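my_file.txt follows; it contains compact mmCIF, C-alpha atoms and all ligand atoms.
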# COMPACT_ATOMS: atom_id res chain seq x y z
CA MET P 90 25.88 176.81 85.01
CA GLN P 91 24.68 174.57 82.21
CA ILE P 92 26.08 171.07 82.27
CA ASP P 93 26.63 169.27 78.97
CA ARG P 94 24.38 166.20 78.97
CA HIS P 95 25.86 164.94 75.72
CA CYS P 96 29.25 164.11 77.19
CA ASP P 97 29.98 161.11 79.41
CA PHE P 98 33.31 161.47 81.21
CA HIS P 99 33.65 158.10 82.96
CA MET P 100 33.18 154.50 81.80
CA HIS P 101 34.87 151.10 81.99
CA THR P 102 35.52 148.43 79.39
CA SER P 103 36.72 144.84 79.57
CA TYR P 104 40.27 146.21 79.90
CA SER P 105 39.35 146.57 83.59
CA ASP P 106 36.09 145.48 85.26
CA GLY P 107 33.61 146.41 82.52
CA THR P 108 31.89 143.90 80.26
CA GLY P 109 31.92 145.79 76.94
CA SER P 110 34.72 146.44 74.47
CA ILE P 111 35.77 149.97 73.53
CA GLU P 112 33.77 149.56 70.34
CA ASP P 113 30.68 148.36 72.28
CA MET P 114 30.80 151.42 74.53
CA THR P 115 31.29 153.70 71.53
CA GLU P 116 28.33 152.24 69.65
CA ALA P 117 26.20 152.51 72.80
CA ALA P 118 27.14 156.17 73.22
CA ILE P 119 26.17 156.94 69.63
CA SER P 120 22.86 155.13 70.03
CA VAL P 121 21.86 157.24 73.05
CA GLY P 122 22.83 160.47 71.29
CA LEU P 123 26.06 161.38 73.06
CA ARG P 124 28.64 163.58 71.32
CA GLN P 125 31.67 162.78 73.46
CA ILE P 126 32.85 160.03 75.79
CA THR P 127 35.97 159.38 77.79
CA ILE P 128 37.10 155.80 78.25
CA THR P 129 38.43 155.63 81.81
CA ASP P 130 39.37 152.12 82.82
CA HIS P 131 40.83 151.51 86.26
CA MET P 132 44.55 152.18 86.25
CA PRO P 133 46.87 149.19 86.72
CA LEU P 134 47.90 148.63 90.33
CA PRO P 135 51.08 147.04 91.69
CA PHE P 136 49.07 144.54 93.75
CA ALA P 137 46.33 142.04 92.90
CA THR P 138 42.75 143.29 92.55
CA TYR P 139 39.68 141.97 90.78
CA TYR P 140 39.12 145.17 88.87
CA ALA P 141 42.30 146.93 87.73
CA MET P 142 43.80 146.82 84.24
CA GLU P 143 46.91 144.68 83.80
CA ARG P 144 50.05 146.82 83.54
CA GLU P 145 51.10 145.03 80.32
CA GLN P 146 47.77 145.98 78.72
CA ILE P 147 48.17 149.71 78.93
CA GLN P 148 49.80 150.29 75.53
CA THR P 149 47.28 148.04 73.78
CA TYR P 150 44.50 149.97 75.54
CA ARG P 151 45.93 153.28 74.33
CA ARG P 152 46.34 152.01 70.77
CA GLU P 153 42.80 150.66 70.68
CA ILE P 154 41.37 153.98 71.88
CA SER P 155 43.43 155.84 69.24
CA ALA P 156 42.10 153.52 66.54
CA ALA P 157 38.51 154.11 67.71
CA GLN P 158 39.13 157.88 67.72
CA ARG P 159 40.06 157.71 64.05
CA ARG P 160 37.32 155.28 63.05
CA TYR P 161 34.51 157.24 64.74
CA SER P 162 35.90 160.74 64.22
CA ASN P 163 32.85 162.04 62.36
CA ARG P 164 30.31 160.44 64.74
CA LEU P 165 31.68 160.71 68.27
CA GLN P 166 34.57 162.36 70.06
CA ILE P 167 36.43 159.75 72.07
CA LYS P 168 38.86 160.83 74.78
CA MET P 169 41.61 158.71 76.26
CA GLY P 170 41.54 158.51 80.04
CA LEU P 171 41.93 156.46 83.18
CA GLU P 172 40.30 156.30 86.56
CA MET P 173 43.28 156.72 88.83
CA GLU P 174 43.70 155.54 92.39
CA TYR P 175 45.47 157.75 94.88
CA ILE P 176 47.66 155.75 97.25
CA GLU P 177 50.58 157.77 98.59
CA THR P 178 52.91 154.77 98.95
CA ILE P 179 52.76 154.05 95.22
CA SER P 180 53.29 157.66 94.06
CA PRO P 181 56.15 156.85 91.63
CA TRP P 182 53.97 154.18 89.97
CA ILE P 183 51.10 156.68 89.65
CA GLU P 184 53.36 159.41 88.26
CA GLU P 185 54.81 157.08 85.67
CA ILE P 186 51.35 156.13 84.38
CA CYS P 187 50.21 159.76 84.33
CA GLY P 188 53.37 160.60 82.40
CA LEU P 189 52.24 158.53 79.42
CA GLY P 190 49.93 161.43 78.50
CA TRP P 191 46.11 161.37 78.69
CA ASP P 192 43.15 163.54 77.77
CA SER P 193 41.61 163.06 81.18
CA LEU P 194 42.51 161.50 84.53
CA ILE P 195 39.92 160.95 87.23
CA CYS P 196 41.17 160.91 90.82
CA SER P 197 39.17 158.41 92.87
CA ILE P 198 39.73 156.60 96.10
CA HIS P 199 38.59 153.00 96.34
CA TYR P 200 41.24 151.72 98.70
CA LEU P 201 42.30 152.85 102.14
CA PRO P 202 45.08 151.17 104.08
CA GLY P 203 44.05 149.33 107.21
CA ASP P 204 45.42 146.47 109.25
CA GLY P 205 48.44 146.08 106.99
CA GLN P 206 46.36 145.61 103.88
CA MET P 207 44.32 147.70 101.44
CA ARG P 208 40.56 147.67 101.94
CA LEU P 209 37.84 148.90 99.62
CA VAL P 210 35.80 151.91 100.72
CA ASN P 211 33.09 151.19 98.16
CA GLY P 212 33.24 147.41 97.83
CA SER P 213 30.96 145.02 99.71
CA LEU P 214 29.23 145.92 102.97
CA THR P 215 31.43 143.34 104.74
CA GLU P 216 34.54 145.10 103.53
CA PHE P 217 33.21 148.52 104.51
CA ASN P 218 32.36 147.19 107.97
CA ALA P 219 35.92 145.86 108.33
CA LEU P 220 37.28 149.33 107.50
CA TYR P 221 34.84 150.87 110.00
CA GLU P 222 35.99 148.46 112.71
CA LEU P 223 39.63 149.26 111.93
CA HIS P 224 38.82 152.92 112.56
CA GLY P 225 37.45 152.04 116.00
CA ARG P 226 33.84 152.29 114.77
CA ASP P 227 34.51 156.01 114.59
CA GLY P 228 32.81 157.43 111.47
CA HIS P 229 34.50 160.80 111.97
CA LYS P 230 37.93 159.19 111.96
CA LEU P 231 37.13 157.13 108.87
CA CYS P 232 35.80 160.16 106.97
CA ARG P 233 38.83 162.20 107.99
CA THR P 234 41.15 159.54 106.60
CA TYR P 235 39.12 159.34 103.39
CA TYR P 236 38.74 163.06 102.65
CA GLU P 237 42.29 163.96 103.71
CA THR P 238 43.62 161.26 101.39
CA LEU P 239 41.50 162.68 98.57
CA GLN P 240 42.87 166.15 99.26
CA ALA P 241 46.42 164.80 99.14
CA GLY P 242 45.60 163.15 95.81
CA TYR P 243 44.21 166.36 94.32
CA ALA P 244 47.21 168.31 95.63
CA THR P 245 49.56 166.28 93.42
CA GLY P 246 48.22 168.27 90.46
CA LEU P 247 48.23 165.11 88.35
CA PHE P 248 44.47 164.79 87.82
CA ASN P 249 41.69 166.85 86.27
CA ILE P 250 38.44 165.30 87.51
CA ALA P 251 37.35 164.47 91.07
CA GLY P 252 35.65 161.04 90.95
CA HIS P 253 32.60 159.98 93.04
CA LEU P 254 33.55 162.45 95.75
CA ASP P 255 31.42 161.15 98.63
CA VAL P 256 31.41 157.42 97.79
CA ILE P 257 32.37 156.86 101.43
CA ASN P 258 28.62 157.27 102.08
CA LYS P 259 27.64 154.26 99.91
CA TYR P 260 26.25 152.36 102.93
CA ASN P 261 25.45 155.41 105.06
CA SER P 262 21.66 155.37 104.60
CA ALA P 263 19.94 157.22 107.47
CA ASN P 264 23.40 158.37 108.63
CA ILE P 265 24.02 155.04 110.36
CA TYR P 266 27.82 155.22 110.21
CA PHE P 267 28.34 159.00 110.38
CA ASP P 268 26.26 162.14 110.34
CA GLU P 269 26.49 163.84 106.95
CA ASP P 270 24.64 166.85 108.38
CA SER P 271 27.24 167.44 111.10
CA THR P 272 29.49 170.47 111.10
CA TRP P 273 32.64 168.32 111.03
CA TYR P 274 31.48 166.34 107.97
CA ARG P 275 30.48 169.44 106.04
CA SER P 276 33.76 171.08 106.87
CA LEU P 277 35.76 168.04 105.59
CA VAL P 278 33.78 168.16 102.34
CA ASP P 279 34.23 171.93 102.08
CA ASP P 280 38.00 171.63 102.48
CA THR P 281 37.99 168.93 99.79
CA LEU P 282 36.02 171.12 97.40
CA GLU P 283 38.49 173.89 98.10
CA SER P 284 41.38 171.68 96.98
CA ILE P 285 39.47 170.79 93.79
CA LYS P 286 39.08 174.49 93.12
CA GLN P 287 42.70 175.30 93.85
CA GLN P 288 43.84 172.65 91.35
CA GLY P 289 41.44 173.88 88.67
CA MET P 290 39.81 170.44 88.53
CA SER P 291 36.24 169.53 87.61
CA LEU P 292 33.81 167.65 89.84
CA GLU P 293 31.91 164.74 88.35
CA ILE P 294 28.26 164.04 88.98
CA ASN P 295 28.46 160.25 89.00
CA THR P 296 25.09 158.75 88.04
CA GLY P 297 26.34 155.21 88.70
CA GLY P 298 25.30 155.97 92.30
CA PHE P 299 21.66 155.47 91.28
CA ASN P 300 22.45 151.74 91.17
CA HIS P 301 23.86 151.76 94.71
CA PRO P 302 21.95 151.37 98.00
CA LYS P 303 21.14 155.08 98.40
CA SER P 304 19.83 155.40 94.82
CA GLN P 305 21.26 158.81 94.19
CA GLN P 306 24.16 160.40 92.35
CA TYR P 307 27.59 161.04 93.90
CA PRO P 308 28.03 163.54 95.37
CA ASN P 309 25.01 164.56 97.42
CA ARG P 310 22.91 167.46 96.11
CA TRP P 311 24.12 169.90 98.79
CA ILE P 312 27.73 169.23 97.74
CA ILE P 313 26.87 169.99 94.12
CA ASP P 314 25.32 173.27 95.27
CA ARG P 315 28.46 174.12 97.25
CA ALA P 316 30.58 173.31 94.17
CA LEU P 317 28.40 175.57 92.03
CA ALA P 318 28.77 178.37 94.58
CA LYS P 319 32.55 177.95 94.33
CA ARG P 320 32.32 177.97 90.51
CA ILE P 321 33.85 174.50 90.21
CA PRO P 322 33.07 173.07 86.74
CA LEU P 323 30.74 170.05 86.77
CA VAL P 324 30.78 167.11 84.35
CA LEU P 325 28.41 164.16 83.98
CA SER P 326 29.70 160.61 84.42
CA SER P 327 27.77 157.38 84.06
CA ASP P 328 30.58 155.20 85.48
CA ALA P 329 29.12 152.60 83.08
CA HIS P 330 30.51 149.07 83.41
CA ASN P 331 28.46 147.78 80.47
CA PRO P 332 27.17 149.28 77.21
CA GLN P 333 23.57 149.54 78.47
CA SER P 334 24.67 151.98 81.19
CA VAL P 335 26.42 154.56 78.99
CA GLY P 336 24.79 157.95 79.72
CA GLN P 337 22.55 156.34 82.37
CA HIS P 338 20.27 158.69 84.33
CA PHE P 339 21.66 161.78 82.58
CA ASN P 340 18.15 163.13 82.09
CA THR P 341 16.87 162.35 85.57
CA THR P 342 19.56 164.00 87.61
CA GLY P 343 18.05 167.36 88.50
CA SER P 344 18.51 170.85 87.23
CA TRP P 345 22.21 171.54 87.38
ZN ZN P 401 35.47 154.47 90.95
ZN ZN P 402 34.63 154.06 87.66

As structure tokens, the full file:
Amino acid sequence: MQIDRHCDFHMHTSYSDGTGSIEDMTEAAISVGLRQITITDHMPLPFATYYAMEREQIQTYRREISAAQRRYSNRLQIKMGLEMEYIETISPWIEEICGLGWDSLICSIHYLPGDGQMRLVNGSLTEFNALYELHGRDGHKLCRTYYETLQAGYATGLFNIAGHLDVINKYNSANIYFDEDSTWYRSLVDDTLESIKQQGMSLEINTGGFNHPKSQQYPNRWIIDRALAKRIPLVLSSDAHNPQSVGQHFNTTGSW
């Protein structure tokens, strides 16, 4: 399958934790030769975070994207999206936001519940270690929680792209927390790919991972091969948080 390297399906602006405006990201995309981008800021959340969009900003965000769509219509296709969070306890909140109508909604997990509070899977190493401790230093248990939550998110049918699928491995260099070659891990991933397929979703190749400790895209190459075998559509995502990162590593990411 040929992946379109001229489309970037995932990026953040200053509406959430990015540093560029919608216009900055658009100009950057044009300058690196892209034909289409999707603006996907982090959805608002009903609790305090350092990265999510404010709930009151969502209509302004939508209007600003619409204005950019019109202004750049003959130079770049701009899609309106969000990077969603799947947290079962806030399902009505999530459904309401999805109901506003979007071109694209990425389903990602950043937070898992633990110890009465939400903890980031892909935040700092300290935070990941806290989550690991809360799962009894049991990597299998932690991965099961993560992938089963993802599967539950996909099963809602609300989303169309699976975001940074194996970001749980951000700090797992040399398999120090869990063995990604084990049968149990591969089977969790396989079940997760199966739910992506069942929902008719696409899987993103997230090149933002090249800036993380393992210096590689999410997901791992073997997962991409499994997705290809299952005929799951692939899309490229820079997960850019600044204009310089739009379309980053799109030409260095292998032969898919
Ligand atoms: Zn994310
Ligand atoms: Zn993102």

Problem - 7 Å contact set for P:Ser193, only C-alpha atoms, chain neighbours under 2 positions out, as a list in words - result: Met169, Gly170, Leu171, Trp191, Ile195 and Asn249 of chain P

Write the residues of the selection above to a file with C-alpha atoms, as a PDB file, in the frame of the given file.
ATOM      1  CA  MET P 169      41.610 158.710  76.260  1.00  0.00           C
ATOM      2  CA  GLY P 170      41.540 158.510  80.040  1.00  0.00           C
ATOM      3  CA  LEU P 171      41.930 156.460  83.180  1.00  0.00           C
ATOM      4  CA  TRP P 191      46.110 161.370  78.690  1.00  0.00           C
ATOM      5  CA  ILE P 195      39.920 160.950  87.230  1.00  0.00           C
ATOM      6  CA  ASN P 249      41.690 166.850  86.270  1.00  0.00           C
TER       7      ASN P 249
END

Return as a compact mmCIF listing (two decimals) with C-alpha atoms, in the frame of the given file every polymer residue, whether protein, DNA or RNA, with at least one atom no more than 12 Å from an atom of ligand ZN 401 (chain P); count only C-alpha atoms and all ligand atoms.
# COMPACT_ATOMS: atom_id res chain seq x y z
CA HIS P 99 33.65 158.10 82.96
CA MET P 100 33.18 154.50 81.80
CA HIS P 101 34.87 151.10 81.99
CA SER P 105 39.35 146.57 83.59
CA ASP P 106 36.09 145.48 85.26
CA GLY P 107 33.61 146.41 82.52
CA THR P 129 38.43 155.63 81.81
CA ASP P 130 39.37 152.12 82.82
CA HIS P 131 40.83 151.51 86.26
CA MET P 132 44.55 152.18 86.25
CA TYR P 140 39.12 145.17 88.87
CA ALA P 141 42.30 146.93 87.73
CA LEU P 171 41.93 156.46 83.18
CA GLU P 172 40.30 156.30 86.56
CA MET P 173 43.28 156.72 88.83
CA GLU P 174 43.70 155.54 92.39
CA TYR P 175 45.47 157.75 94.88
CA LEU P 194 42.51 161.50 84.53
CA ILE P 195 39.92 160.95 87.23
CA CYS P 196 41.17 160.91 90.82
CA SER P 197 39.17 158.41 92.87
CA ILE P 198 39.73 156.60 96.10
CA HIS P 199 38.59 153.00 96.34
CA TYR P 200 41.24 151.72 98.70
CA LEU P 209 37.84 148.90 99.62
CA VAL P 210 35.80 151.91 100.72
CA ASN P 211 33.09 151.19 98.16
CA GLY P 212 33.24 147.41 97.83
CA ILE P 250 38.44 165.30 87.51
CA ALA P 251 37.35 164.47 91.07
CA GLY P 252 35.65 161.04 90.95
CA HIS P 253 32.60 159.98 93.04
CA LEU P 254 33.55 162.45 95.75
CA ASP P 255 31.42 161.15 98.63
CA VAL P 256 31.41 157.42 97.79
CA ILE P 257 32.37 156.86 101.43
CA LYS P 259 27.64 154.26 99.91
CA GLU P 293 31.91 164.74 88.35
CA ASN P 295 28.46 160.25 89.00
CA THR P 296 25.09 158.75 88.04
CA GLY P 297 26.34 155.21 88.70
CA GLY P 298 25.30 155.97 92.30
CA TYR P 307 27.59 161.04 93.90
CA SER P 326 29.70 160.61 84.42
CA SER P 327 27.77 157.38 84.06
CA ASP P 328 30.58 155.20 85.48
CA ALA P 329 29.12 152.60 83.08
CA HIS P 330 30.51 149.07 83.41

Handout entry: Answer as a ChimeraX atom specification, residues within 10 Å of (43.8, 174.2, 88.6) using all atoms listed in the file
Key = /P:243-244,246,248-249,284-291

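Nearest-residue note for ligand ZN 402 (chain P): choosing from P:Leu214, P:Ile294, P:Leu189, P:Leu201, the minimum distance belongs to P:Ile294, counting only C-alpha atoms and all ligand atoms.
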
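Closest approach to ligand ZN 402 (chain P) among P:Ala156, P:Val278, P:Cys232, P:Ile128 is made by P:Ile128 (distances from all atoms listed in the file).
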
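Each of P:Arg144, P:Pro181, P:Glu216, P:Thr127 was checked against ligand ZN 402 (chain P) using only C-alpha atoms and all ligand atoms; the smallest atom-to-atom distance is that of P:Thr127.
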
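Each of P:Leu247, P:Ile147, P:Cys96, P:Val121 was checked against P:Gln166 using only C-alpha atoms; the smallest atom-to-atom distance is that of P:Cys96.
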
Selection near P:Gln158, 12 Å with all atoms listed in the file, sequence-local residues under 4 positions removed, as a PDB file with C-alpha atoms, keeping the file's coordinate frame:
ATOM      1  CA  ILE P 111      35.770 149.970  73.530  1.00  0.00           C
ATOM      2  CA  GLU P 112      33.770 149.560  70.340  1.00  0.00           C
ATOM      3  CA  THR P 115      31.290 153.700  71.530  1.00  0.00           C
ATOM      4  CA  GLN P 125      31.670 162.780  73.460  1.00  0.00           C
ATOM      5  CA  ILE P 126      32.850 160.030  75.790  1.00  0.00           C
ATOM      6  CA  THR P 127      35.970 159.380  77.790  1.00  0.00           C
ATOM      7  CA  ILE P 128      37.100 155.800  78.250  1.00  0.00           C
ATOM      8  CA  ARG P 151      45.930 153.280  74.330  1.00  0.00           C
ATOM      9  CA  ARG P 152      46.340 152.010  70.770  1.00  0.00           C
ATOM     10  CA  GLU P 153      42.800 150.660  70.680  1.00  0.00           C
ATOM     11  CA  ILE P 154      41.370 153.980  71.880  1.00  0.00           C
ATOM     12  CA  SER P 162      35.900 160.740  64.220  1.00  0.00           C
ATOM     13  CA  ASN P 163      32.850 162.040  62.360  1.00  0.00           C
ATOM     14  CA  ARG P 164      30.310 160.440  64.740  1.00  0.00           C
ATOM     15  CA  LEU P 165      31.680 160.710  68.270  1.00  0.00           C
ATOM     16  CA  GLN P 166      34.570 162.360  70.060  1.00  0.00           C
ATOM     17  CA  ILE P 167      36.430 159.750  72.070  1.00  0.00           C
ATOM     18  CA  LYS P 168      38.860 160.830  74.780  1.00  0.00           C
ATOM     19  CA  MET P 169      41.610 158.710  76.260  1.00  0.00           C
TER      20      MET P 169
END

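As for atom CA of P:Leu292 and atom CA of P:Ala316, they are spaced 7.8 Å apart.
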